[in-house]
Amino acid sequence: QARLVESGGGSVQPGGSLKLSCAASGFIMEYYAVAWFRQAPGKEREGVSCISRSDGTTVYADSVKGRFTISRDNAKNTVYLQMNDLKPEDTADYFCAIENHGPPSPQSSIWGGFDFAFWGQGTRVTVSS
């Protein structure tokens, strides 16, 4: 059964760092673009970063450019999000998602030029002093 499992969330002080992991099982993640989204309390879900399946091209939201880095380890079937210089406004539930290779679905979110429609359960990041 195909699954995405996020991990690595937690509570940190402003300026701290966290590294999120998105581990895939039941399919080969290398064949898909992968994105990280986040949803803060009371706000809509927003795209944070994505990485292409082919040449590893990356896209970042303006709010995280220069602080977050997305990467993938195909041998481990895992995508990472290194988050540095965290700010209170980064507090959110973070979700990874893979590119949809089929028709648009109710779960689709279009971001970075891709349709992402298969989601993990999320991991919570809290940035507070």
# chains A, B, ... in the order shown; residues from 1 in each chain; ligands from 1

$ residues_around --residues "Ala92 in chain A" --least-positions-apart "3" --cutoff "9 Å" --atoms "only C-alpha atoms" --output "number ranges by chain"
A: 38-41, 89, 123-127

$ write_last_selection --atoms "C-alpha atoms" --output "mmCIF file, in the first residue's frame"
data_model
loop_
_atom_site.group_PDB
_atom_site.id
_atom_site.type_symbol
_atom_site.label_atom_id
_atom_site.label_comp_id
_atom_site.auth_asym_id
_atom_site.auth_seq_id
_atom_site.Cartn_x
_atom_site.Cartn_y
_atom_site.Cartn_z
ATOM 1 C CA ARG A 38 2.191 23.717 5.397
ATOM 2 C CA GLN A 39 -0.973 24.787 7.108
ATOM 3 C CA ALA A 40 -0.944 27.142 10.049
ATOM 4 C CA PRO A 41 -3.865 27.312 12.480
ATOM 5 C CA GLU A 89 5.479 32.411 11.406
ATOM 6 C CA THR A 123 4.226 16.646 11.154
ATOM 7 C CA ARG A 124 3.859 19.641 13.446
ATOM 8 C CA VAL A 125 6.461 22.390 13.704
ATOM 9 C CA THR A 126 6.216 24.935 16.492
ATOM 10 C CA VAL A 127 8.569 27.904 16.664
#

$ residues_around --residues "Arg72 in chain A" --least-positions-apart "4" --cutoff "10 Å" --atoms "only C-alpha atoms" --output "ChimeraX atom specification"
/A:21-22,29-30,34,51-53,56,76-81

$ write_last_selection --atoms "N, CA, C and O atoms" --output "PDB file, in the first residue's frame"
ATOM      1  N   SER A  21      11.546  14.852   7.296  1.00  0.00           N
ATOM      2  CA  SER A  21      11.706  13.749   6.362  1.00  0.00           C
ATOM      3  C   SER A  21      10.342  13.312   5.855  1.00  0.00           C
ATOM      4  O   SER A  21       9.356  13.342   6.603  1.00  0.00           O
ATOM      5  N   CYS A  22      10.311  12.903   4.612  1.00  0.00           N
ATOM      6  CA  CYS A  22       9.107  12.351   4.004  1.00  0.00           C
ATOM      7  C   CYS A  22       9.513  11.027   3.380  1.00  0.00           C
ATOM      8  O   CYS A  22      10.165  10.999   2.331  1.00  0.00           O
ATOM      9  N   MET A  29       9.520   6.840  -5.106  1.00  0.00           N
ATOM     10  CA  MET A  29       9.326   8.273  -5.098  1.00  0.00           C
ATOM     11  C   MET A  29      10.147   8.986  -6.175  1.00  0.00           C
ATOM     12  O   MET A  29       9.816  10.083  -6.603  1.00  0.00           O
ATOM     13  N   GLU A  30      11.199   8.348  -6.615  1.00  0.00           N
ATOM     14  CA  GLU A  30      12.079   8.941  -7.627  1.00  0.00           C
ATOM     15  C   GLU A  30      11.317   9.329  -8.887  1.00  0.00           C
ATOM     16  O   GLU A  30      11.723  10.252  -9.613  1.00  0.00           O
ATOM     17  N   VAL A  34       8.008  16.013  -5.790  1.00  0.00           N
ATOM     18  CA  VAL A  34       7.572  15.972  -4.394  1.00  0.00           C
ATOM     19  C   VAL A  34       7.549  17.390  -3.843  1.00  0.00           C
ATOM     20  O   VAL A  34       8.434  18.196  -4.148  1.00  0.00           O
ATOM     21  N   ILE A  51      10.442  19.710  -5.461  1.00  0.00           N
ATOM     22  CA  ILE A  51      11.612  19.250  -6.203  1.00  0.00           C
ATOM     23  C   ILE A  51      11.138  18.355  -7.331  1.00  0.00           C
ATOM     24  O   ILE A  51      10.261  17.505  -7.133  1.00  0.00           O
ATOM     25  N   SER A  52      11.685  18.570  -8.513  1.00  0.00           N
ATOM     26  CA  SER A  52      11.238  17.814  -9.672  1.00  0.00           C
ATOM     27  C   SER A  52      11.745  16.377  -9.617  1.00  0.00           C
ATOM     28  O   SER A  52      12.660  16.049  -8.866  1.00  0.00           O
ATOM     29  N   ARG A  53      11.154  15.536 -10.451  1.00  0.00           N
ATOM     30  CA  ARG A  53      11.551  14.130 -10.470  1.00  0.00           C
ATOM     31  C   ARG A  53      12.756  13.906 -11.370  1.00  0.00           C
ATOM     32  O   ARG A  53      13.472  12.925 -11.210  1.00  0.00           O
ATOM     33  N   GLY A  56      15.986  17.461 -10.577  1.00  0.00           N
ATOM     34  CA  GLY A  56      16.113  17.978  -9.220  1.00  0.00           C
ATOM     35  C   GLY A  56      15.902  19.474  -9.107  1.00  0.00           C
ATOM     36  O   GLY A  56      16.319  20.076  -8.112  1.00  0.00           O
ATOM     37  N   LYS A  76      17.092   6.071  -0.430  1.00  0.00           N
ATOM     38  CA  LYS A  76      16.293   5.895   0.792  1.00  0.00           C
ATOM     39  C   LYS A  76      14.810   6.147   0.543  1.00  0.00           C
ATOM     40  O   LYS A  76      14.014   6.090   1.479  1.00  0.00           O
ATOM     41  N   ASN A  77      14.463   6.475  -0.718  1.00  0.00           N
ATOM     42  CA  ASN A  77      13.054   6.735  -1.060  1.00  0.00           C
ATOM     43  C   ASN A  77      12.474   7.826  -0.154  1.00  0.00           C
ATOM     44  O   ASN A  77      11.332   7.733   0.330  1.00  0.00           O
ATOM     45  N   THR A  78      13.268   8.871   0.069  1.00  0.00           N
ATOM     46  CA  THR A  78      12.926   9.895   1.051  1.00  0.00           C
ATOM     47  C   THR A  78      13.251  11.284   0.504  1.00  0.00           C
ATOM     48  O   THR A  78      14.241  11.460  -0.216  1.00  0.00           O
ATOM     49  N   VAL A  79      12.407  12.226   0.847  1.00  0.00           N
ATOM     50  CA  VAL A  79      12.649  13.636   0.549  1.00  0.00           C
ATOM     51  C   VAL A  79      12.744  14.378   1.878  1.00  0.00           C
ATOM     52  O   VAL A  79      12.015  14.065   2.828  1.00  0.00           O
ATOM     53  N   TYR A  80      13.633  15.357   1.913  1.00  0.00           N
ATOM     54  CA  TYR A  80      13.893  16.097   3.141  1.00  0.00           C
ATOM     55  C   TYR A  80      13.571  17.572   2.967  1.00  0.00           C
ATOM     56  O   TYR A  80      13.573  18.101   1.852  1.00  0.00           O
ATOM     57  N   LEU A  81      13.327  18.230   4.088  1.00  0.00           N
ATOM     58  CA  LEU A  81      13.221  19.680   4.111  1.00  0.00           C
ATOM     59  C   LEU A  81      14.050  20.173   5.289  1.00  0.00           C
ATOM     60  O   LEU A  81      13.654  20.002   6.449  1.00  0.00           O
TER      61      LEU A  81
END

$ residues_around --residues "Arg45 in chain A" --least-positions-apart "3" --cutoff "12 Å" --atoms "only C-alpha atoms" --output "ChimeraX atom specification"
/A:36-42,48,92-96,107-111,122

$ closest_residue --among "A:Val5, A:Ala61, A:Ala33, A:Ala23" --to "Asn100 in chain A" --atoms "only C-alpha atoms"
A:Ala33

$ residues_around --residues "Ala2 in chain A" --least-positions-apart "5" --cutoff "8 Å" --atoms "only C-alpha atoms" --output "short mmCIF file (atom, residue, chain, number, x, y, z; two decimals) with all heavy atoms, in the first residue's frame"
data_model
loop_
_atom_site.label_atom_id
_atom_site.label_comp_id
_atom_site.auth_asym_id
_atom_site.auth_seq_id
_atom_site.Cartn_x
_atom_site.Cartn_y
_atom_site.Cartn_z
N ALA A 24 8.69 7.43 1.69
CA ALA A 24 7.68 6.77 0.86
C ALA A 24 7.79 5.26 1.00
O ALA A 24 8.89 4.71 1.12
CB ALA A 24 7.84 7.17 -0.59
N SER A 25 6.67 4.60 0.96
CA SER A 25 6.63 3.14 0.91
C SER A 25 5.56 2.71 -0.07
O SER A 25 4.57 3.42 -0.28
CB SER A 25 6.37 2.55 2.29
OG SER A 25 5.13 2.99 2.80
N GLY A 26 5.78 1.56 -0.70
CA GLY A 26 4.80 1.04 -1.64
C GLY A 26 4.92 1.60 -3.04
O GLY A 26 4.16 1.20 -3.93
N PHE A 27 5.85 2.50 -3.26
CA PHE A 27 6.09 3.03 -4.60
C PHE A 27 7.46 3.68 -4.62
O PHE A 27 8.07 3.91 -3.57
CB PHE A 27 5.01 4.03 -5.01
CG PHE A 27 5.03 5.32 -4.24
CD1 PHE A 27 5.64 6.46 -4.75
CD2 PHE A 27 4.44 5.40 -2.98
CE1 PHE A 27 5.68 7.64 -4.03
CE2 PHE A 27 4.47 6.58 -2.25
CZ PHE A 27 5.08 7.70 -2.78
#

$ select_by_dssp --residues "chain A" --states "helix (DSSP H, G or I)" --output "JSON list (two decimals) with N, CA and C atoms, in the first residue's frame"
[["chain", "number", "residue", "atom", "x", "y", "z"],
["A", 29, "MET", "N", 9.52, 6.84, -5.11],
["A", 29, "MET", "CA", 9.33, 8.27, -5.10],
["A", 29, "MET", "C", 10.15, 8.99, -6.17],
["A", 30, "GLU", "N", 11.20, 8.35, -6.62],
["A", 30, "GLU", "CA", 12.08, 8.94, -7.63],
["A", 30, "GLU", "C", 11.32, 9.33, -8.89],
["A", 31, "TYR", "N", 10.20, 8.67, -9.15],
["A", 31, "TYR", "CA", 9.45, 8.91, -10.38],
["A", 31, "TYR", "C", 8.45, 10.06, -10.27],
["A", 74, "ASN", "N", 17.17, 9.26, -3.30],
["A", 74, "ASN", "CA", 16.41, 8.21, -3.99],
["A", 74, "ASN", "C", 16.72, 6.82, -3.44],
["A", 75, "ALA", "N", 17.93, 6.63, -2.97],
["A", 75, "ALA", "CA", 18.29, 5.32, -2.40],
["A", 75, "ALA", "C", 17.46, 5.01, -1.16],
["A", 76, "LYS", "N", 17.09, 6.07, -0.43],
["A", 76, "LYS", "CA", 16.29, 5.89, 0.79],
["A", 76, "LYS", "C", 14.81, 6.15, 0.54],
["A", 88, "PRO", "N", 8.69, 32.37, 14.15],
["A", 88, "PRO", "CA", 7.37, 31.99, 14.68],
["A", 88, "PRO", "C", 6.33, 31.79, 13.58],
["A", 89, "GLU", "N", 6.46, 32.55, 12.50],
["A", 89, "GLU", "CA", 5.48, 32.41, 11.41],
["A", 89, "GLU", "C", 5.65, 31.12, 10.60],
["A", 90, "ASP", "N", 6.70, 30.36, 10.89],
["A", 90, "ASP", "CA", 6.86, 29.04, 10.27],
["A", 90, "ASP", "C", 6.06, 27.96, 11.01]]

$ closest_residue --among "A:Cys50, A:Ile70, A:Ala35, A:Val59" --to "Asn84 in chain A" --atoms "only C-alpha atoms"
A:Ile70

$ atom_distance --atom1 "CA of Phe116 in chain A" --atom2 "CA of Leu86 in chain A"
25.1 Å

$ select_by_dssp --residues "chain A" --states "strand (DSSP E or B)" --output "ChimeraX atom specification"
/A:3-7,10-12,18-25,34-39,46-51,58-60,68-73,78-83,92-99,109-111,114-119,123-127

$ closest_residue --among "A:Gly120, A:Ser105, A:Ser128, A:Asp62" --to "Glu6 in chain A" --atoms "only C-alpha atoms"
A:Gly120

$ atom_distance --atom1 "CA of Ser63 in chain A" --atom2 "CA of Asp85 in chain A"
11.8 Å

$ decode --residues "range 70-96 of chain A" --atoms "N, CA, C and O atoms" --output "PDB file, in the first residue's frame"
ATOM      1  N   ILE A  70      15.176  21.882   0.144  1.00  0.00           N
ATOM      2  CA  ILE A  70      14.570  20.584  -0.140  1.00  0.00           C
ATOM      3  C   ILE A  70      15.583  19.712  -0.863  1.00  0.00           C
ATOM      4  O   ILE A  70      16.378  20.203  -1.668  1.00  0.00           O
ATOM      5  N   SER A  71      15.576  18.434  -0.534  1.00  0.00           N
ATOM      6  CA  SER A  71      16.497  17.508  -1.191  1.00  0.00           C
ATOM      7  C   SER A  71      15.855  16.134  -1.219  1.00  0.00           C
ATOM      8  O   SER A  71      14.864  15.880  -0.516  1.00  0.00           O
ATOM      9  N   ARG A  72      16.429  15.260  -2.038  1.00  0.00           N
ATOM     10  CA  ARG A  72      15.886  13.917  -2.098  1.00  0.00           C
ATOM     11  C   ARG A  72      17.015  12.910  -2.094  1.00  0.00           C
ATOM     12  O   ARG A  72      18.089  13.160  -2.655  1.00  0.00           O
ATOM     13  N   ASP A  73      16.773  11.782  -1.446  1.00  0.00           N
ATOM     14  CA  ASP A  73      17.705  10.657  -1.423  1.00  0.00           C
ATOM     15  C   ASP A  73      16.950   9.478  -2.023  1.00  0.00           C
ATOM     16  O   ASP A  73      16.158   8.816  -1.335  1.00  0.00           O
ATOM     17  N   ASN A  74      17.167   9.257  -3.296  1.00  0.00           N
ATOM     18  CA  ASN A  74      16.407   8.213  -3.986  1.00  0.00           C
ATOM     19  C   ASN A  74      16.722   6.822  -3.439  1.00  0.00           C
ATOM     20  O   ASN A  74      15.859   5.945  -3.444  1.00  0.00           O
ATOM     21  N   ALA A  75      17.930   6.627  -2.969  1.00  0.00           N
ATOM     22  CA  ALA A  75      18.289   5.321  -2.403  1.00  0.00           C
ATOM     23  C   ALA A  75      17.462   5.011  -1.156  1.00  0.00           C
ATOM     24  O   ALA A  75      17.179   3.842  -0.864  1.00  0.00           O
ATOM     25  N   LYS A  76      17.092   6.071  -0.430  1.00  0.00           N
ATOM     26  CA  LYS A  76      16.293   5.895   0.792  1.00  0.00           C
ATOM     27  C   LYS A  76      14.810   6.147   0.543  1.00  0.00           C
ATOM     28  O   LYS A  76      14.014   6.090   1.479  1.00  0.00           O
ATOM     29  N   ASN A  77      14.463   6.475  -0.718  1.00  0.00           N
ATOM     30  CA  ASN A  77      13.054   6.735  -1.060  1.00  0.00           C
ATOM     31  C   ASN A  77      12.474   7.826  -0.154  1.00  0.00           C
ATOM     32  O   ASN A  77      11.332   7.733   0.330  1.00  0.00           O
ATOM     33  N   THR A  78      13.268   8.871   0.069  1.00  0.00           N
ATOM     34  CA  THR A  78      12.926   9.895   1.051  1.00  0.00           C
ATOM     35  C   THR A  78      13.251  11.284   0.504  1.00  0.00           C
ATOM     36  O   THR A  78      14.241  11.460  -0.216  1.00  0.00           O
ATOM     37  N   VAL A  79      12.407  12.226   0.847  1.00  0.00           N
ATOM     38  CA  VAL A  79      12.649  13.636   0.549  1.00  0.00           C
ATOM     39  C   VAL A  79      12.744  14.378   1.878  1.00  0.00           C
ATOM     40  O   VAL A  79      12.015  14.065   2.828  1.00  0.00           O
ATOM     41  N   TYR A  80      13.633  15.357   1.913  1.00  0.00           N
ATOM     42  CA  TYR A  80      13.893  16.097   3.141  1.00  0.00           C
ATOM     43  C   TYR A  80      13.571  17.572   2.967  1.00  0.00           C
ATOM     44  O   TYR A  80      13.573  18.101   1.852  1.00  0.00           O
ATOM     45  N   LEU A  81      13.327  18.230   4.088  1.00  0.00           N
ATOM     46  CA  LEU A  81      13.221  19.680   4.111  1.00  0.00           C
ATOM     47  C   LEU A  81      14.050  20.173   5.289  1.00  0.00           C
ATOM     48  O   LEU A  81      13.654  20.002   6.449  1.00  0.00           O
ATOM     49  N   GLN A  82      15.204  20.743   4.964  1.00  0.00           N
ATOM     50  CA  GLN A  82      16.052  21.342   5.998  1.00  0.00           C
ATOM     51  C   GLN A  82      15.569  22.760   6.238  1.00  0.00           C
ATOM     52  O   GLN A  82      15.530  23.567   5.300  1.00  0.00           O
ATOM     53  N   MET A  83      15.220  23.049   7.463  1.00  0.00           N
ATOM     54  CA  MET A  83      14.665  24.353   7.808  1.00  0.00           C
ATOM     55  C   MET A  83      15.599  25.038   8.800  1.00  0.00           C
ATOM     56  O   MET A  83      15.791  24.530   9.917  1.00  0.00           O
ATOM     57  N   ASN A  84      16.187  26.147   8.388  1.00  0.00           N
ATOM     58  CA  ASN A  84      17.093  26.913   9.231  1.00  0.00           C
ATOM     59  C   ASN A  84      16.500  28.274   9.542  1.00  0.00           C
ATOM     60  O   ASN A  84      15.587  28.744   8.853  1.00  0.00           O
ATOM     61  N   ASP A  85      17.044  28.909  10.562  1.00  0.00           N
ATOM     62  CA  ASP A  85      16.606  30.252  10.951  1.00  0.00           C
ATOM     63  C   ASP A  85      15.076  30.312  11.053  1.00  0.00           C
ATOM     64  O   ASP A  85      14.431  31.200  10.479  1.00  0.00           O
ATOM     65  N   LEU A  86      14.528  29.376  11.780  1.00  0.00           N
ATOM     66  CA  LEU A  86      13.079  29.288  11.881  1.00  0.00           C
ATOM     67  C   LEU A  86      12.500  30.501  12.593  1.00  0.00           C
ATOM     68  O   LEU A  86      13.112  31.046  13.522  1.00  0.00           O
ATOM     69  N   LYS A  87      11.318  30.880  12.149  1.00  0.00           N
ATOM     70  CA  LYS A  87      10.620  32.043  12.688  1.00  0.00           C
ATOM     71  C   LYS A  87       9.265  31.604  13.234  1.00  0.00           C
ATOM     72  O   LYS A  87       8.719  30.581  12.799  1.00  0.00           O
ATOM     73  N   PRO A  88       8.694  32.372  14.153  1.00  0.00           N
ATOM     74  CA  PRO A  88       7.368  31.994  14.683  1.00  0.00           C
ATOM     75  C   PRO A  88       6.334  31.793  13.582  1.00  0.00           C
ATOM     76  O   PRO A  88       5.448  30.935  13.711  1.00  0.00           O
ATOM     77  N   GLU A  89       6.455  32.551  12.500  1.00  0.00           N
ATOM     78  CA  GLU A  89       5.479  32.411  11.406  1.00  0.00           C
ATOM     79  C   GLU A  89       5.654  31.125  10.603  1.00  0.00           C
ATOM     80  O   GLU A  89       4.839  30.828   9.720  1.00  0.00           O
ATOM     81  N   ASP A  90       6.699  30.355  10.890  1.00  0.00           N
ATOM     82  CA  ASP A  90       6.859  29.042  10.272  1.00  0.00           C
ATOM     83  C   ASP A  90       6.064  27.960  11.013  1.00  0.00           C
ATOM     84  O   ASP A  90       5.998  26.815  10.550  1.00  0.00           O
ATOM     85  N   THR A  91       5.489  28.321  12.141  1.00  0.00           N
ATOM     86  CA  THR A  91       4.690  27.364  12.906  1.00  0.00           C
ATOM     87  C   THR A  91       3.509  26.871  12.074  1.00  0.00           C
ATOM     88  O   THR A  91       2.720  27.668  11.562  1.00  0.00           O
ATOM     89  N   ALA A  92       3.427  25.560  11.911  1.00  0.00           N
ATOM     90  CA  ALA A  92       2.380  24.967  11.070  1.00  0.00           C
ATOM     91  C   ALA A  92       2.496  23.453  11.103  1.00  0.00           C
ATOM     92  O   ALA A  92       3.495  22.906  11.587  1.00  0.00           O
ATOM     93  N   ASP A  93       1.491  22.813  10.565  1.00  0.00           N
ATOM     94  CA  ASP A  93       1.600  21.395  10.237  1.00  0.00           C
ATOM     95  C   ASP A  93       2.184  21.306   8.832  1.00  0.00           C
ATOM     96  O   ASP A  93       1.706  21.980   7.917  1.00  0.00           O
ATOM     97  N   TYR A  94       3.203  20.489   8.685  1.00  0.00           N
ATOM     98  CA  TYR A  94       3.895  20.352   7.404  1.00  0.00           C
ATOM     99  C   TYR A  94       3.550  19.004   6.783  1.00  0.00           C
ATOM    100  O   TYR A  94       3.624  17.963   7.459  1.00  0.00           O
ATOM    101  N   PHE A  95       3.194  19.053   5.513  1.00  0.00           N
ATOM    102  CA  PHE A  95       2.776  17.865   4.782  1.00  0.00           C
ATOM    103  C   PHE A  95       3.643  17.690   3.535  1.00  0.00           C
ATOM    104  O   PHE A  95       3.951  18.671   2.863  1.00  0.00           O
ATOM    105  N   CYS A  96       3.978  16.457   3.224  1.00  0.00           N
ATOM    106  CA  CYS A  96       4.585  16.209   1.925  1.00  0.00           C
ATOM    107  C   CYS A  96       3.532  15.604   1.003  1.00  0.00           C
ATOM    108  O   CYS A  96       2.548  15.012   1.463  1.00  0.00           O
TER     109      CYS A  96
END
